[in-house]
Amino acid sequence: MPNYESKNHRGFHNDRRQHGAGNRSQSTRNYRSKPRRRETPQVQVEIGQRFPLTIKRMGINGEGIGYYKRMAVFIPGALTGEEVVAEVTSVATRYLRAKVHRIRQTSPHRVDPRDSYADQVGGFELEHLDYPEQLKFKKDVVAQSLERYQPAGYKHYDLRPTLGMDDPYGYRNKAQFQVRRNAAGQVEAGLYAERSHDLVDLPTCSVQMPVTMHVMRAVVAMLQDLDMPIYDEEQGSGIVKTLVVRAAAHTDDVQLVFITNSTKLPHKHELLTRIAAELPEVTSVMQNINPGKTSLVWGDETQHLAGAEAITEKLDGLAFKLSARAFLQLNPYQMEILYAEAKKALDLQPGETVVDAYSGIGTIGLSLASVAEEVRGMDVIPEAVADANENAAANGITNAHYELGTAEDLLPKWVMAGFHPDAIVVDPPRTGLDGTLIETILAVRPPKLVYISCNPSTLAKDLVELAHDYRVDYIQSVDMMPQTARCEAVVKLSRRQ
Ligand code: SAH
């Protein structure tokens, strides 16, 4: 069974959809156009060297880009229009990486980040940029990706302004923090600094829903008081590895998960008693067991400790049960906007059938079930598929069914068995669509296709092939992750006649 999330990627915005069977059969794919290669400039540069640099634009990871003797310089934390003194941190054949030594001319759009550690851990790439400019940046990332892969007619695509939040803070429904005991013996919980295993303690975090941080810090204090054995990566000793707190935005449910190195949980009784007394907002306490040194955060076994086994989130009048490892969008407020956009783009008519590919716990498909004749969905995570089917039943939906398997295997099977969907909505992980799935879509030719993408690069690549048979009606970006460089987009495609 694939594990749900990997901690290899730093920062926390990344836990969207890294998992899954996303091995694309690239070799079978023929791109009409490849990114153009520039000649390698011959520049002698050394690490530590400093030079003035004007930032021309921002790259897809939110870093500033300038040119030193025609060589691209990527410089995190620098904004378009700024003049900085850059200090080289690494030298590659075709580009340089640098850090800001000093800002000589500051952008009028620069703001003070709310989180003091914003430049240390991943997930806060844009916290120093004002929000209207963040939204422009996200639309521009889509434009840059299209420019790079050049799908047919891309110059005429209707790129709509990014839909943002009124208050772009306090939105994250899940905090997943590593725990450790520092040299002074204090228990800390936070994220790893980029490209390292140094934990940065996060006493506060502006993008988290306040309840998630309140519970997190209270539990950290309990672990300290109870002198709980905290996992030590080097020694392989200790018990508590990670704390996960997930809150529902539209119910009062909050789940706390201890991810541990073994099935043991010392001081369990005292711990649970204190949680019940001091954190009445916590409605579910679980333990996930993930023994040994591994790059994955979650283990296969989950045990129930107290309260309910799952939490419930509400969306669009439907209730969704969430087990500990089930995927849910991290921004429950923008999730409603995103799904409303998907629904609008699909424009389902009574009698039409739809496939919800990469369905997770069925959020998209089930919200379409009242209009559709039939909904079929699939996902590779068994718990997610079980949740999706349970969610259908619990909401009295009888025309939606979810199966375990990959989109690339199941869609061709369904078609062979005579099911020809009128519409397909795909919501793949960051790796984008599998080559086989694209071939199947192009063979089945459903009149309506909606592509929800969390990675403009793979979206642009996939559009190269899809645009042969489909017209891109518009691309609507939605800001699911304010303060980060992440970009989500809903693409409406219609079959060419
Ligand atoms: N549509 C859902 C989930 C999107 S996340 C939502 O909006 O909440 C992407 C999902 O794709 C994950 O649940 C992941 O398990 C699943 N997945 C990854 N590779 C897959 C594949 N090859 N086929 C089907 N599902 C896959």
# chains A, B, ... in the order shown; residues from 1 in each chain; ligands from 1
call {"tool": "residues_around", "arguments": {"residues": "Ala392 (chain A)", "least_positions_apart": "5", "cutoff": "12 Å", "atoms": "only C-alpha atoms", "output": "list in words"}}
result
Leu318, Ala319, Phe320, Lys321, Ile361, Gly362, Thr363, Ile364, Gly365, Leu366, Ser367, Leu368, Ala369, Ser370, Val375, Arg376, Gly377, Val385, Ala386, Asp387, Ile397, Thr398, Asn399, Ala400, His401 and Tyr402 of chain A
call {"tool": "write_last_selection", "arguments": {"atoms": "N, CA, C and O atoms", "output": "CSV table (one decimal), in the first residue's frame"}}
result
chain,number,residue,atom,x,y,z
A,318,LEU,N,-23.0,18.5,2.2
A,318,LEU,CA,-22.7,17.1,2.4
A,318,LEU,C,-21.7,17.0,3.6
A,318,LEU,O,-21.0,17.9,3.9
A,319,ALA,N,-21.8,15.8,4.3
A,319,ALA,CA,-20.9,15.5,5.4
A,319,ALA,C,-19.8,14.5,4.9
A,319,ALA,O,-20.2,13.5,4.3
A,320,PHE,N,-18.6,14.8,5.2
A,320,PHE,CA,-17.5,13.9,4.8
A,320,PHE,C,-16.7,13.5,6.0
A,320,PHE,O,-16.2,14.2,6.8
A,321,LYS,N,-16.7,12.1,6.1
A,321,LYS,CA,-15.9,11.5,7.2
A,321,LYS,C,-14.5,11.5,6.8
A,321,LYS,O,-14.1,11.1,5.7
A,361,ILE,N,-11.4,11.3,-1.0
A,361,ILE,CA,-12.6,10.8,-0.2
A,361,ILE,C,-13.9,11.1,-1.0
A,361,ILE,O,-14.9,11.1,-0.4
A,362,GLY,N,-13.8,11.5,-2.2
A,362,GLY,CA,-15.0,11.6,-3.0
A,362,GLY,C,-15.6,13.0,-3.0
A,362,GLY,O,-16.7,13.2,-3.5
A,363,THR,N,-14.9,14.0,-2.5
A,363,THR,CA,-15.5,15.3,-2.3
A,363,THR,C,-16.0,15.9,-3.6
A,363,THR,O,-17.1,16.4,-3.7
A,364,ILE,N,-15.3,15.7,-4.7
A,364,ILE,CA,-15.7,16.4,-6.0
A,364,ILE,C,-16.9,15.6,-6.6
A,364,ILE,O,-18.0,16.2,-6.8
A,365,GLY,N,-16.8,14.3,-6.7
A,365,GLY,CA,-17.8,13.5,-7.3
A,365,GLY,C,-19.1,13.6,-6.6
A,365,GLY,O,-20.2,13.7,-7.2
A,366,LEU,N,-19.0,13.5,-5.3
A,366,LEU,CA,-20.3,13.4,-4.5
A,366,LEU,C,-21.0,14.8,-4.6
A,366,LEU,O,-22.2,14.8,-4.5
A,367,SER,N,-20.2,15.9,-4.7
A,367,SER,CA,-20.9,17.2,-4.9
A,367,SER,C,-21.6,17.3,-6.3
A,367,SER,O,-22.3,18.2,-6.5
A,368,LEU,N,-21.3,16.4,-7.2
A,368,LEU,CA,-21.9,16.4,-8.5
A,368,LEU,C,-23.0,15.4,-8.6
A,368,LEU,O,-23.8,15.4,-9.6
A,369,ALA,N,-23.2,14.5,-7.6
A,369,ALA,CA,-24.1,13.4,-7.7
A,369,ALA,C,-25.5,13.8,-7.8
A,369,ALA,O,-26.3,13.1,-8.5
A,370,SER,N,-25.9,15.0,-7.3
A,370,SER,CA,-27.3,15.4,-7.4
A,370,SER,C,-27.7,15.8,-8.8
A,370,SER,O,-28.9,15.7,-9.1
A,375,VAL,N,-22.0,8.7,-11.1
A,375,VAL,CA,-20.6,9.2,-10.8
A,375,VAL,C,-19.8,8.0,-10.5
A,375,VAL,O,-20.2,7.1,-9.8
A,376,ARG,N,-18.6,7.9,-11.2
A,376,ARG,CA,-17.7,6.8,-10.8
A,376,ARG,C,-16.4,7.5,-10.5
A,376,ARG,O,-15.9,8.4,-11.2
A,377,GLY,N,-15.7,7.0,-9.5
A,377,GLY,CA,-14.4,7.6,-9.1
A,377,GLY,C,-13.4,6.5,-8.7
A,377,GLY,O,-13.8,5.3,-8.5
A,385,VAL,N,-10.8,5.4,-0.6
A,385,VAL,CA,-11.9,4.8,-1.4
A,385,VAL,C,-13.0,4.3,-0.5
A,385,VAL,O,-14.2,4.6,-0.7
A,386,ALA,N,-12.6,3.7,0.7
A,386,ALA,CA,-13.6,3.3,1.7
A,386,ALA,C,-14.4,4.5,2.2
A,386,ALA,O,-15.6,4.5,2.3
A,387,ASP,N,-13.6,5.5,2.5
A,387,ASP,CA,-14.3,6.8,3.0
A,387,ASP,C,-15.2,7.3,1.9
A,387,ASP,O,-16.3,7.7,2.3
A,397,ILE,N,-26.5,9.1,-1.0
A,397,ILE,CA,-26.2,9.1,-2.5
A,397,ILE,C,-26.1,7.7,-3.0
A,397,ILE,O,-25.3,6.9,-2.5
A,398,THR,N,-26.9,7.3,-4.0
A,398,THR,CA,-26.9,5.9,-4.5
A,398,THR,C,-26.3,5.8,-5.9
A,398,THR,O,-26.1,4.7,-6.4
A,399,ASN,N,-26.0,7.0,-6.6
A,399,ASN,CA,-25.6,6.9,-7.9
A,399,ASN,C,-24.1,7.2,-8.1
A,399,ASN,O,-23.6,7.6,-9.1
A,400,ALA,N,-23.3,7.0,-6.9
A,400,ALA,CA,-21.9,7.3,-7.0
A,400,ALA,C,-21.1,6.1,-6.4
A,400,ALA,O,-21.5,5.6,-5.4
A,401,HIS,N,-20.1,5.6,-7.1
A,401,HIS,CA,-19.4,4.5,-6.7
A,401,HIS,C,-17.9,4.7,-6.9
A,401,HIS,O,-17.5,5.2,-7.9
A,402,TYR,N,-17.1,4.3,-5.9
A,402,TYR,CA,-15.7,4.5,-5.9
A,402,TYR,C,-15.0,3.1,-5.9
A,402,TYR,O,-15.4,2.2,-5.2
call {"tool": "residues_near_ligand", "arguments": {"ligand": "ligand 1", "cutoff": "6 Å", "atoms": "only C-alpha atoms and all ligand atoms", "output": "NGL selection string"}}
result
:A and (17 or 20-22 or 327-329 or 358-360 or 363-364 or 378-381 or 406-407 or 427-429)
call {"tool": "atom_distance", "arguments": {"atom1": "CA of Ala423 (chain A)", "atom2": "CA of Gly405 (chain A)"}}
result
19.4 Å
call {"tool": "select_by_dssp", "arguments": {"residues": "region 291-337 of chain A", "states": "alpha helix (DSSP H)", "output": "list of chain:residue names"}}
result
A:Pro332, A:Tyr333, A:Gln334, A:Met335, A:Glu336, A:Ile337
call {"tool": "closest_residue", "arguments": {"among": "A:Ala277, A:Val450, A:Ala152, A:Met58", "to": "Ala345 (chain A)", "atoms": "only C-alpha atoms"}}
result
A:Val450
call {"tool": "closest_residue", "arguments": {"among": "A:Ser196, A:Asn61, A:Ser295, A:Gln178", "to": "Glu125 (chain A)", "atoms": "only C-alpha atoms"}}
result
A:Asn61
call {"tool": "residues_around", "arguments": {"residues": "region 241-254 of chain A", "least_positions_apart": "4", "cutoff": "8 Å", "atoms": "only C-alpha atoms", "output": "VMD selection string"}}
result
chain A and resid 173 to 180 189 209 211 to 212 215 to 216 230 to 231 258 to 261 281 to 284 297 311 to 315 332 to 333
call {"tool": "residues_around", "arguments": {"residues": "Val219 (chain A)", "least_positions_apart": "5", "cutoff": "9 Å", "atoms": "only C-alpha atoms", "output": "list in words"}}
result
His214, Gln224, Leu243, Leu271, Ile275 and Leu279 of chain A
